[in-house]
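Participant: Please find one structure pasted underneath; my questions will follow.
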Amino acid sequence: MSVLPANVPPAGAPAAPVSGPTPYRFIESARAIEAEVGHVIVGQSEVVRGVLTCLLAGGHALLEGIPGLGKTLLVRTIGEALDLTFSRVQFTPDLMPADITGTSILRDTSDGARTLEFQPGPLFANLVLADEVNRATPKTQSALLEAMQERRVTAGRTTHTLPEPFFVLATQNPIEMEGTYPLPEAQLDRFLFKLTVPYPTEEELLRIAQLTTGVSMPHPTHVATGAGLLELMHFAREVPVAEPVMRYAVRIVRRTNPETPDAPAEVKRFARYGASPRGLQSLVLGAKVRALLEGRYNVAFDDIRAVSLASLRHRVILGFEADAEGVTTDKLIHDVVATTSEE
Amino acid sequence: MTMLSPAATYHAELREHLDSVGRALSVQRGLLWLTRGLAAGTVVVLGLVIWAWARDAVKTLPIVLLVVVPLVVGLVTAVGSLFIRHNSLELARRIDRAARLHERSTTALELGGRGDEFPLAIAQMRDAVDHLKRVDLLEAFPLRAPKHELMTAFFVVVIAAIVFISPNPWLLRARASNPTITIAREQAQRVQRLADSIQPNDAAELDALRQLLSKGAKTVDARSNEPDAALNALQDLEEQVQQMSAGDDQIAAALAAIASALASDPTTQPLADAINTGDMRQISQAARDLAQSTKNLTSQDQQRVAKVLRDASGRAGRMSQSIASNLSDAANALQAASGADTANAAQGAQGDPSQGGQQSAGGAQAASDALNQLSDAAAGADARQRAASQLQSSRNALERALGRTQSRSGSNSSSGSRSSSGSQGSNGSQNAEQSQGGQGRGGDQPGGGMDGNGGDTPGGDQGNGGDLGQGGGYSTGGDSPNHTGASATQLDAITRPEQVPTNGQVAPDQSSMNPYTSDAGTGNAQTAPESVQPVYSSQPTQGNDSSSIPIGLRDLVKDYFSSLDQK
């Protein structure tokens with residue numbers, strides 16, 4: 001349960017009559033989105049919060065989980081709640097880059113001439129669900145990831161800017177690795193967060209069964225617009241971070257690197273590469289959004305710790321020894337966070 | 001009036017709150033440093049105790065010091081900590097942690113310091129101030145006793161106490177292997193007992209002696225682990241006592257000079273007898289008795305005693321002005337009392353006896369006071385004499401234990417002869433019949449002297465003549481039949497040194513039966529025992545040193561010869 005600041009009205013109270021983004025509006029909007037998604041998605045509150053954080057921070061998210069956990073439903077529900085244009089691409093090995101970016105087609109004009117006209121692909125949406133992204137060939141993956149980073153698509157000699165906001169929510173299945181093309185580390189780095197979708201609890205499963213096997217399914221209503229979301233994104237970037245907190249984030253990122261002298265022994269032993277500066281950006285941005293969602297106007301050490309796993313787990317590359325001993329990146333990051341001093 | 005911007009206002013408010021936090025933390029820090037200082041002080045105390053323990057001087061440590069040191073260190077550190085200023089950023093960090101403010105204060109302080117005015121910054125600072133207002137400082141920074149420091153102090157105190165009361169095994173072993181240490185301690189104890197035997201209600205001049213002896217005994221005891229140092233301390237003490245005894249020669253000479261005069265009257269005869277014994281304690285007591293008896297004398301007796309005392313005063317005048325003065329005062333007072341009695345009788349016949357009676361009583365009292373002063377002087381001389389004797393005996397014992405020859409004894413013997421024999425010798429030449437029997441130490445009286453009473457009973461070895469102060473060993477005297485029991489104290493066998501002119505030899509005057517030695521027999525000795533004693537006493541020492549005496553018998557041999565020396 002978040003603790004509201006003294007000047008933030010309690011949940012349910014009318015929003016303060018202030019135009020433009022304010023802390024009230026940010027928190028109210030975030031709560032509204034969470035509530036709408038919660039109507040459809042049972043449980044998975046951490047994942048929902050993670051995705052929302054990722055969106056408000058202006059980043060892309062990679063969701064990993066076994067099939068049937070509601071990843072796709074979650075992304076679609078968020079898209080509906082945000083009143084954003086939504087597209088879904090099911091990645092397969094035969095999917096070509098042009099299939100997602102779009103292609104130029106020859107078209108007859110009214111004066112009888114023929115011209116090449118760019119036909120936008122599914123990437124031209126505010127919210128793109130890249131389902132099972134690891135099943136596409138590296139070529140297609142690369143096209144997607146380039147679009148994620150540059151937020152534009154080049155077809156022929158023309159560069160097309162993607163709409164704003166632009167979010168890619170990719171999913172991948174950690175099992176059934178046959179016939180898949182795991183994302184290269186450099187491309188994984190483009191995702192702000194990597195979220196692991198856990199298996200539902202018994203109660204959650206019960207509710208899922210009750211909710212989804214009836215005659216009708218609940219549908220979310222629009223609680224925010226793309227423009228509103230952009231304002232919130234800009235607002236989140238203004239959240240101040242005290243220098244000790246920033247230094248704490250820097251220390252955490254540095255200590256994921258095995259070359260750092262004060263890195264934990266486990267990191268030195270099992271990690272091949274640590275998090276990049278982009279990981280630090282991800283950590284701080286995520287922490288800023290989390291601070292606002294927690295009802296604070298500043299980033300705390302707790303915020304850094306809370307988003308560290310989602311921000312860094314796909315940026316720490318393990319060595320062979322870690323695979324052999326079953327050491328995961330989550331464990332290493334836990335160690336790093338636990339042993340990093342706030343001072 | 002200058003209007004502050006919202007950010008500046010919040011910043012000022014924030015700093016104000018942080019100042020209150022700083023004050024609360026100062027109190028906490030003061031408490032913490034108080035206990036840390038206490039702990040540090042106890043460690044210092046432990047160090048002192050261990051230092052003293054290693055030197056077997058724990059008992060010399062003043063308890064007050066051991067208590068005061070930790071308290072002072074604690075107070076100093078506590079007060080000092082109050083002067084250390086808090087860093088604002090550090091304060092903000094601490095309040096954030098303690099009150100779970102999630103870095104609100106830290107961030108707001110930074111924003112205020114930078115003067116940021118954007119909406120979110122102002123909102124953040126207002127939020128931080130609002131949260132700070134709600135913080136209960138006592139809840140955030142409860143006054144807790146610093147357990148670690150207190151426990152440390154407690155354990156250090158326990159350890160110090162244990163060390164304080166525990167014997168030092170190394171020192172015990174050292175003592176066992178070096179009996180000299182034990183001897184030094186024993187001598188220190190003897191000197192202390194001597195000091196204790198001087199009554200606090202004695203004359204004021206004795207207080208100084210008592211304190212000197214007591215202090216010296218403590219010094220010797222403290223240095224007993226280093227027998228050489230203990231010996232030096234003993235010698236220093238002896239010299240100081242000798243300096244205090246500088247006037248005793250004159251007192252003794254004056255007393256000897258007046259003995260014959262006092263013997264002429266039955267009232268003063270006991271004092272004369274006491275003087276003849278040479279025992280200052282007896283002299284003191286006899287003078288006090290005489291002072292008491294003067295109050296009850298008849299007019300004729302007073303006149304007679306006054307005459308005797310005046311005669312004695314005349315004789316003493318050449319030796320000691322103070323003795324002569326005391327006697328003269330007493331004689332005058334008695335004369336006045338006698339005159340007052342006569343006048344009283346005459347006035348009584350005329351019906352007004354009261355004035356004469358008062359004069360008579362006053363004169364008797366004045367005479368009594370004068371004689372009491374004489375008694376005090378004798379008592380003082382007695383005490384100093386006993387002290388000098390004990391110190392010399394102790395020094396001799398320690399020197400023997402250290403395996404040194406008695407070369408110093410020779411020199412001391414000179415001073416000893418100066419203090420007693422010399423003066424008495426002069427007396428002997430003047431009043432042969434008294435000095436022979438009374439002092440028995442006449443310097444110019446060779447051969448066996450008479451006993452103290454001048455009677456037929458054996459007088460021990462007193463009175464053995466010889467060349468005074470010619471490097472002779474210091475005789476332990478022996479049990480003179482005239483001793484009044486003063487020697488039967490726990491101080492030592494020696495309470496009154498007898499300077500025996502022995503040509504540098506030492507003559508034990510008493511021996512005891514020892515199952516390990518055969519009877520000396522009554523053979524035809526060609527050499528006086530005094531002449532063989534040094535060789536005799538050095539043999540066991542050499543035997544011990546050369547291991548020719550079995551280990552099991554060494555202590556026995558040493559004890560035996562030590563006992564001989566102490567007699």
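FYI, nothing fancy with the structure tokens labels: chains A, B, ... in order, residues from 1 per chain, ligands from 1 as they appear.
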Mind listing as JSON, numbers by chain which residues of chain A are within 6 Å of chain B, counting only C-alpha atoms?

Facilitator: {"A": [242, 297, 300]}

Participant: Let's have the selection written as a compact mmCIF listing (two decimals), in the first residue's frame, with N, CA, C and O atoms.

Facilitator:
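Contents of result25.txt, freshly written:
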```txt
# COMPACT_ATOMS: atom_id res chain seq x y z
N ALA A 242 18.31 12.58 -5.11
CA ALA A 242 19.41 13.09 -4.28
C ALA A 242 20.71 12.41 -4.69
O ALA A 242 20.71 11.27 -5.17
N TYR A 297 7.76 12.42 -4.13
CA TYR A 297 8.28 13.27 -5.19
C TYR A 297 9.79 13.17 -5.28
O TYR A 297 10.43 14.03 -5.88
N ALA A 300 13.94 7.26 -3.59
CA ALA A 300 14.54 6.74 -2.36
C ALA A 300 15.40 5.52 -2.70
O ALA A 300 15.30 4.96 -3.79
```

Participant: Could you tell me which of B:Ala272, B:Leu334, B:Ala263, B:Ala252 comes closest to B:Ala316 if we count only C-alpha atoms?

Facilitator: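 Smallest distance to B:Ala316 is found for B:Ala252.
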
Participant: Tell me, counting only C-alpha atoms, for each residue of stretch 123-203 of chain B within 12 Å of stretch 57-80 of chain B, which pair of atoms is nearest and how far apart they are in Å to one decimal, in rows ordered by chain and increasing number, as a Markdown table.

Facilitator:
```
| residue | atom | partner | partner_atom | distance |
| --- | --- | --- | --- | --- |
| B:Glu149 | CA | B:Gly74 | CA | 11.3 |
| B:Leu150 | CA | B:Gly74 | CA | 11.6 |
| B:Ala153 | CA | B:Pro70 | CA | 9.2 |
| B:Phe154 | CA | B:Pro70 | CA | 11.7 |
| B:Val156 | CA | B:Pro70 | CA | 11.2 |
| B:Val157 | CA | B:Leu66 | CA | 10.1 |
| B:Ala160 | CA | B:Leu66 | CA | 10.0 |
| B:Ala161 | CA | B:Val58 | CA | 10.7 |
| B:Ile162 | CA | B:Val58 | CA | 11.6 |
| B:Val163 | CA | B:Val58 | CA | 9.1 |
| B:Phe164 | CA | B:Val58 | CA | 6.4 |
| B:Ile165 | CA | B:Val58 | CA | 8.5 |
| B:Ser166 | CA | B:Val58 | CA | 9.8 |
| B:Pro167 | CA | B:Val58 | CA | 9.7 |
| B:Asn168 | CA | B:Val58 | CA | 10.1 |
| B:Leu171 | CA | B:Ala57 | CA | 11.0 |
| B:Arg185 | CA | B:Ala57 | CA | 11.8 |
```

Participant: Between B:Ser284, B:Ser322, B:Gln303, B:Thr219, which residue has the minimum interatomic distance to B:Ile251, considering only C-alpha atoms?

Facilitator: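 Checking each candidate against B:Ile251, we get B:Ser322 as the closest.
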
Participant: Name the residues of stretch 20-263 of chain A that fall into strand (DSSP E) according to DSSP on the backbone, using the chain letters and numbers of this document, as an mmCIF file with C-alpha atoms, in the first residue's frame.

Facilitator:
```cif
data_model
loop_
_atom_site.group_PDB
_atom_site.id
_atom_site.type_symbol
_atom_site.label_atom_id
_atom_site.label_comp_id
_atom_site.auth_asym_id
_atom_site.auth_seq_id
_atom_site.Cartn_x
_atom_site.Cartn_y
_atom_site.Cartn_z
ATOM 1 C CA ALA A 61 9.406 -4.261 -21.654
ATOM 2 C CA LEU A 62 10.266 -7.855 -22.208
ATOM 3 C CA LEU A 63 7.944 -10.288 -20.482
ATOM 4 C CA GLU A 64 9.123 -13.783 -19.949
ATOM 5 C CA PHE A 86 -2.515 -1.418 -30.437
ATOM 6 C CA SER A 87 -1.014 -4.036 -32.722
ATOM 7 C CA ARG A 88 0.103 -7.515 -32.181
ATOM 8 C CA VAL A 89 2.770 -9.405 -34.091
ATOM 9 C CA GLN A 90 3.210 -13.104 -33.611
ATOM 10 C CA GLY A 102 5.963 -2.102 -43.497
ATOM 11 C CA THR A 103 6.798 -2.010 -47.114
ATOM 12 C CA SER A 104 6.433 0.160 -50.151
ATOM 13 C CA ILE A 105 3.900 -1.008 -52.638
ATOM 14 C CA LEU A 106 3.242 0.085 -56.171
ATOM 15 C CA ARG A 107 -0.035 1.906 -56.393
ATOM 16 C CA ASP A 108 -1.942 3.575 -59.195
ATOM 17 C CA ARG A 114 2.132 4.552 -60.599
ATOM 18 C CA THR A 115 3.933 5.378 -57.432
ATOM 19 C CA LEU A 116 5.497 3.569 -54.567
ATOM 20 C CA GLU A 117 3.525 4.069 -51.421
ATOM 21 C CA PHE A 118 4.721 3.031 -48.003
ATOM 22 C CA GLN A 119 2.388 0.679 -46.302
ATOM 23 C CA PRO A 120 3.134 0.900 -42.513
ATOM 24 C CA LEU A 127 1.566 -0.177 -28.272
ATOM 25 C CA VAL A 128 3.081 -3.149 -30.068
ATOM 26 C CA LEU A 129 2.855 -6.626 -28.682
ATOM 27 C CA ALA A 130 5.732 -8.696 -30.060
ATOM 28 C CA ASP A 131 4.618 -12.138 -29.124
ATOM 29 C CA ARG A 152 11.607 5.295 -36.578
ATOM 30 C CA VAL A 153 11.633 2.949 -39.528
ATOM 31 C CA THR A 154 13.571 3.303 -42.745
ATOM 32 C CA ALA A 155 12.040 1.818 -45.863
ATOM 33 C CA THR A 158 12.534 7.127 -46.620
ATOM 34 C CA THR A 159 12.587 7.246 -42.870
ATOM 35 C CA HIS A 160 9.250 7.028 -41.153
ATOM 36 C CA THR A 161 8.858 8.181 -37.573
ATOM 37 C CA PHE A 167 5.940 1.007 -26.615
ATOM 38 C CA VAL A 168 6.989 -2.470 -27.464
ATOM 39 C CA LEU A 169 5.948 -5.136 -25.081
ATOM 40 C CA ALA A 170 7.668 -8.321 -26.144
ATOM 41 C CA THR A 171 7.107 -11.736 -24.720
ATOM 42 C CA GLN A 172 9.232 -14.796 -24.851
ATOM 43 C CA PHE A 193 12.675 -3.855 -18.044
ATOM 44 C CA LYS A 194 12.635 -7.564 -18.253
ATOM 45 C CA LEU A 195 9.729 -8.873 -16.237
ATOM 46 C CA THR A 196 9.243 -12.425 -15.231
#
```

Participant: Find the residues around stretch 332-343 of chain A up to 8 Å (only C-alpha atoms counted), leave out those fewer than 6 positions away in its own chain, and share them as number ranges by chain.

Facilitator: A: 244-245, 248, 251-252, 255-256, 263-264, 266-267, 301, 305, 308-309, 312-313

Participant: Emit the selected residues as a PDB file, in the first residue's frame, including N, CA, C and O atoms.

Facilitator:
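Here's the written file selection-v9.pdb:
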```pdb
ATOM      1  N   PRO A 244      23.178  11.121  -2.966  1.00  0.00           N
ATOM      2  CA  PRO A 244      23.512   9.820  -2.362  1.00  0.00           C
ATOM      3  C   PRO A 244      22.739   8.670  -3.000  1.00  0.00           C
ATOM      4  O   PRO A 244      23.274   7.568  -3.148  1.00  0.00           O
ATOM      5  N   VAL A 245      21.504   8.956  -3.387  1.00  0.00           N
ATOM      6  CA  VAL A 245      20.698   7.904  -4.010  1.00  0.00           C
ATOM      7  C   VAL A 245      21.231   7.599  -5.406  1.00  0.00           C
ATOM      8  O   VAL A 245      21.346   6.427  -5.806  1.00  0.00           O
ATOM      9  N   TYR A 248      24.230   5.624  -5.137  1.00  0.00           N
ATOM     10  CA  TYR A 248      23.877   4.245  -4.779  1.00  0.00           C
ATOM     11  C   TYR A 248      23.546   3.446  -6.041  1.00  0.00           C
ATOM     12  O   TYR A 248      24.004   2.304  -6.213  1.00  0.00           O
ATOM     13  N   ARG A 251      26.691   2.737  -7.871  1.00  0.00           N
ATOM     14  CA  ARG A 251      27.477   1.661  -7.242  1.00  0.00           C
ATOM     15  C   ARG A 251      26.897   0.293  -7.575  1.00  0.00           C
ATOM     16  O   ARG A 251      27.625  -0.663  -7.830  1.00  0.00           O
ATOM     17  N   ILE A 252      25.580   0.210  -7.570  1.00  0.00           N
ATOM     18  CA  ILE A 252      24.953  -1.082  -7.880  1.00  0.00           C
ATOM     19  C   ILE A 252      25.306  -1.508  -9.298  1.00  0.00           C
ATOM     20  O   ILE A 252      25.710  -2.658  -9.534  1.00  0.00           O
ATOM     21  N   ARG A 255      28.915  -2.520  -9.607  1.00  0.00           N
ATOM     22  CA  ARG A 255      29.258  -3.771  -8.929  1.00  0.00           C
ATOM     23  C   ARG A 255      28.698  -5.007  -9.626  1.00  0.00           C
ATOM     24  O   ARG A 255      28.978  -6.133  -9.202  1.00  0.00           O
ATOM     25  N   THR A 256      27.884  -4.794 -10.651  1.00  0.00           N
ATOM     26  CA  THR A 256      27.467  -5.964 -11.450  1.00  0.00           C
ATOM     27  C   THR A 256      28.560  -6.341 -12.444  1.00  0.00           C
ATOM     28  O   THR A 256      28.483  -7.400 -13.063  1.00  0.00           O
ATOM     29  N   ALA A 263      33.445  -5.518  -6.667  1.00  0.00           N
ATOM     30  CA  ALA A 263      32.294  -6.360  -7.016  1.00  0.00           C
ATOM     31  C   ALA A 263      32.260  -7.572  -6.087  1.00  0.00           C
ATOM     32  O   ALA A 263      33.311  -8.065  -5.654  1.00  0.00           O
ATOM     33  N   PRO A 264      31.060  -8.068  -5.792  1.00  0.00           N
ATOM     34  CA  PRO A 264      30.990  -9.250  -4.941  1.00  0.00           C
ATOM     35  C   PRO A 264      31.714 -10.443  -5.579  1.00  0.00           C
ATOM     36  O   PRO A 264      31.816 -10.529  -6.812  1.00  0.00           O
ATOM     37  N   GLU A 266      30.774 -13.414  -5.947  1.00  0.00           N
ATOM     38  CA  GLU A 266      29.901 -14.196  -6.814  1.00  0.00           C
ATOM     39  C   GLU A 266      29.862 -13.582  -8.217  1.00  0.00           C
ATOM     40  O   GLU A 266      29.876 -14.299  -9.207  1.00  0.00           O
ATOM     41  N   VAL A 267      29.807 -12.269  -8.238  1.00  0.00           N
ATOM     42  CA  VAL A 267      29.779 -11.582  -9.542  1.00  0.00           C
ATOM     43  C   VAL A 267      31.076 -11.839 -10.286  1.00  0.00           C
ATOM     44  O   VAL A 267      31.070 -12.148 -11.486  1.00  0.00           O
ATOM     45  N   PHE A 301      16.195   5.153  -1.714  1.00  0.00           N
ATOM     46  CA  PHE A 301      17.003   3.937  -1.901  1.00  0.00           C
ATOM     47  C   PHE A 301      16.101   2.735  -2.188  1.00  0.00           C
ATOM     48  O   PHE A 301      16.446   1.855  -2.970  1.00  0.00           O
ATOM     49  N   ARG A 305      16.247  -0.143  -5.171  1.00  0.00           N
ATOM     50  CA  ARG A 305      16.281  -1.585  -4.906  1.00  0.00           C
ATOM     51  C   ARG A 305      15.100  -2.288  -5.569  1.00  0.00           C
ATOM     52  O   ARG A 305      15.244  -3.391  -6.103  1.00  0.00           O
ATOM     53  N   SER A 308      15.621  -2.782  -9.305  1.00  0.00           N
ATOM     54  CA  SER A 308      16.934  -3.253  -9.742  1.00  0.00           C
ATOM     55  C   SER A 308      16.851  -4.570 -10.514  1.00  0.00           C
ATOM     56  O   SER A 308      17.530  -4.739 -11.532  1.00  0.00           O
ATOM     57  N   LEU A 309      16.002  -5.468 -10.063  1.00  0.00           N
ATOM     58  CA  LEU A 309      15.923  -6.761 -10.755  1.00  0.00           C
ATOM     59  C   LEU A 309      15.394  -6.581 -12.177  1.00  0.00           C
ATOM     60  O   LEU A 309      15.994  -7.089 -13.139  1.00  0.00           O
ATOM     61  N   LEU A 312      18.011  -4.756 -14.392  1.00  0.00           N
ATOM     62  CA  LEU A 312      19.363  -5.266 -14.617  1.00  0.00           C
ATOM     63  C   LEU A 312      19.428  -6.742 -14.981  1.00  0.00           C
ATOM     64  O   LEU A 312      20.468  -7.193 -15.472  1.00  0.00           O
ATOM     65  N   ARG A 313      18.392  -7.482 -14.757  1.00  0.00           N
ATOM     66  CA  ARG A 313      18.515  -8.934 -14.900  1.00  0.00           C
ATOM     67  C   ARG A 313      18.854  -9.348 -16.329  1.00  0.00           C
ATOM     68  O   ARG A 313      19.502 -10.367 -16.536  1.00  0.00           O
TER      69      ARG A 313
END
```

Participant: So, with only C-alpha atoms as the atoms that count, which of A:Ala236, A:Ala249, A:Ala275, A:Val316 lies closest to A:Phe26?

Facilitator: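 Closest to A:Phe26, using only C-alpha atoms: A:Ala236.
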
Participant: I want to know what sits within 10 Å of A:Met233, based on only C-alpha atoms, with residues of the same chain fewer than 5 positions away left out; could you give that as a PyMOL selection string?

Facilitator: chain A and resi 21+26+53-59+165+227-228+238+285+289

Participant: Please dump the current selection as a CSV table (one decimal), in the first residue's frame; keep N, CA and C atoms.

Facilitator:
```
chain,number,residue,atom,x,y,z
A,21,PRO,N,0.2,18.2,-15.9
A,21,PRO,CA,0.6,17.1,-15.1
A,21,PRO,C,1.0,17.6,-13.7
A,26,PHE,N,-0.7,12.5,-11.8
A,26,PHE,CA,0.1,11.3,-12.1
A,26,PHE,C,-0.3,10.1,-11.3
A,53,THR,N,5.2,0.9,-14.9
A,53,THR,CA,6.4,1.7,-14.7
A,53,THR,C,7.2,1.8,-15.9
A,54,CYS,N,7.3,0.7,-16.6
A,54,CYS,CA,8.1,0.8,-17.9
A,54,CYS,C,7.4,1.8,-18.9
A,55,LEU,N,6.1,1.7,-19.0
A,55,LEU,CA,5.5,2.6,-19.9
A,55,LEU,C,5.6,4.1,-19.5
A,56,LEU,N,5.5,4.3,-18.2
A,56,LEU,CA,5.6,5.7,-17.8
A,56,LEU,C,7.0,6.2,-17.8
A,57,ALA,N,7.9,5.3,-17.8
A,57,ALA,CA,9.3,5.7,-18.0
A,57,ALA,C,9.7,5.8,-19.5
A,58,GLY,N,8.8,5.4,-20.3
A,58,GLY,CA,9.1,5.6,-21.8
A,58,GLY,C,9.9,4.5,-22.3
A,59,GLY,N,9.9,3.3,-21.7
A,59,GLY,CA,10.7,2.2,-22.2
A,59,GLY,C,9.9,1.1,-22.7
A,165,PRO,N,3.0,8.0,-28.0
A,165,PRO,CA,4.1,7.2,-27.5
A,165,PRO,C,4.2,5.8,-28.2
A,227,ALA,N,-1.7,11.2,-25.3
A,227,ALA,CA,-1.2,12.5,-25.0
A,227,ALA,C,-0.9,12.6,-23.5
A,228,GLY,N,-1.9,12.2,-22.8
A,228,GLY,CA,-1.8,12.3,-21.3
A,228,GLY,C,-0.6,11.4,-20.8
A,238,GLU,N,11.1,14.5,-14.3
A,238,GLU,CA,11.5,15.6,-13.4
A,238,GLU,C,11.7,15.2,-11.9
A,285,LEU,N,15.4,5.7,-14.1
A,285,LEU,CA,14.1,6.1,-14.6
A,285,LEU,C,13.0,5.2,-14.0
A,289,VAL,N,9.8,6.6,-11.6
A,289,VAL,CA,8.4,6.3,-11.7
A,289,VAL,C,7.8,5.6,-10.5
```

Participant: Which of these, B:Gln539, B:Ser338, B:Gln390, B:Asn87, has the shortest distance to B:Ala195 once you count only C-alpha atoms?

Facilitator: B:Gln390

Participant: Residues at most 8 Å from A:Arg151, counting only C-alpha atoms, excluding those fewer than 5 positions away in the same chain, as a PyMOL selection string?

Facilitator: chain A and resi 146+161-162+166

Participant: Leaving out B:Ala274 and any residue of its chain fewer than 5 positions from it, which residues lie within 8 Å of it when counting only C-alpha atoms, given as an NGL selection string?

Facilitator: :B and (279-280 or 282-283 or 286)

Participant: For the selection just defined, write its residues with all heavy atoms to a file, as an mmCIF file, in the first residue's frame.

Facilitator:
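The result, stored in result-v9.cif:
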```
data_model
loop_
_atom_site.group_PDB
_atom_site.id
_atom_site.type_symbol
_atom_site.label_atom_id
_atom_site.label_comp_id
_atom_site.auth_asym_id
_atom_site.auth_seq_id
_atom_site.Cartn_x
_atom_site.Cartn_y
_atom_site.Cartn_z
ATOM 1 N N ASP B 279 67.157 4.085 79.535
ATOM 2 C CA ASP B 279 65.949 3.841 78.743
ATOM 3 C C ASP B 279 65.101 5.110 78.747
ATOM 4 O O ASP B 279 64.551 5.505 79.769
ATOM 5 C CB ASP B 279 65.167 2.670 79.359
ATOM 6 C CG ASP B 279 63.970 2.311 78.516
ATOM 7 O OD1 ASP B 279 63.602 3.121 77.623
ATOM 8 O OD2 ASP B 279 63.388 1.228 78.737
ATOM 9 N N MET B 280 65.020 5.711 77.583
ATOM 10 C CA MET B 280 64.306 6.974 77.478
ATOM 11 C C MET B 280 62.833 6.842 77.831
ATOM 12 O O MET B 280 62.214 7.766 78.318
ATOM 13 C CB MET B 280 64.438 7.534 76.054
ATOM 14 C CG MET B 280 65.804 8.098 75.764
ATOM 15 S SD MET B 280 66.117 9.568 76.760
ATOM 16 C CE MET B 280 67.710 10.057 76.137
ATOM 17 N N GLN B 282 61.604 4.837 80.107
ATOM 18 C CA GLN B 282 61.529 4.872 81.568
ATOM 19 C C GLN B 282 61.749 6.288 82.087
ATOM 20 O O GLN B 282 61.087 6.734 83.029
ATOM 21 C CB GLN B 282 62.594 3.943 82.156
ATOM 22 C CG GLN B 282 62.199 2.477 82.098
ATOM 23 C CD GLN B 282 63.123 1.631 82.961
ATOM 24 O OE1 GLN B 282 63.385 2.005 84.105
ATOM 25 N NE2 GLN B 282 63.561 0.516 82.424
ATOM 26 N N ILE B 283 62.690 6.963 81.453
ATOM 27 C CA ILE B 283 62.973 8.333 81.894
ATOM 28 C C ILE B 283 61.728 9.197 81.712
ATOM 29 O O ILE B 283 61.348 9.968 82.598
ATOM 30 C CB ILE B 283 64.155 8.903 81.088
ATOM 31 C CG1 ILE B 283 65.432 8.109 81.408
ATOM 32 C CG2 ILE B 283 64.350 10.379 81.377
ATOM 33 C CD1 ILE B 283 66.593 8.408 80.485
ATOM 34 N N ALA B 286 59.226 8.257 84.351
ATOM 35 C CA ALA B 286 59.643 8.722 85.681
ATOM 36 C C ALA B 286 59.458 10.232 85.803
ATOM 37 O O ALA B 286 59.013 10.738 86.843
ATOM 38 C CB ALA B 286 61.101 8.334 85.929
#
```

Participant: Which one is closest to A:Gly79: A:Leu145, A:Val37, A:Ile304, A:Val253? Count only C-alpha atoms.

Facilitator: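 Between A:Leu145, A:Val37, A:Ile304, A:Val253, the residue approaching A:Gly79 most closely is A:Val37.
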
Participant: Which residue out of B:Ala383, B:Leu38, B:Leu25, B:Ala174 has the minimum interatomic distance to B:Asn225 when only C-alpha atoms are used?

Facilitator: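 Looking at the shortest contact to B:Asn225, the residue is B:Ala174.
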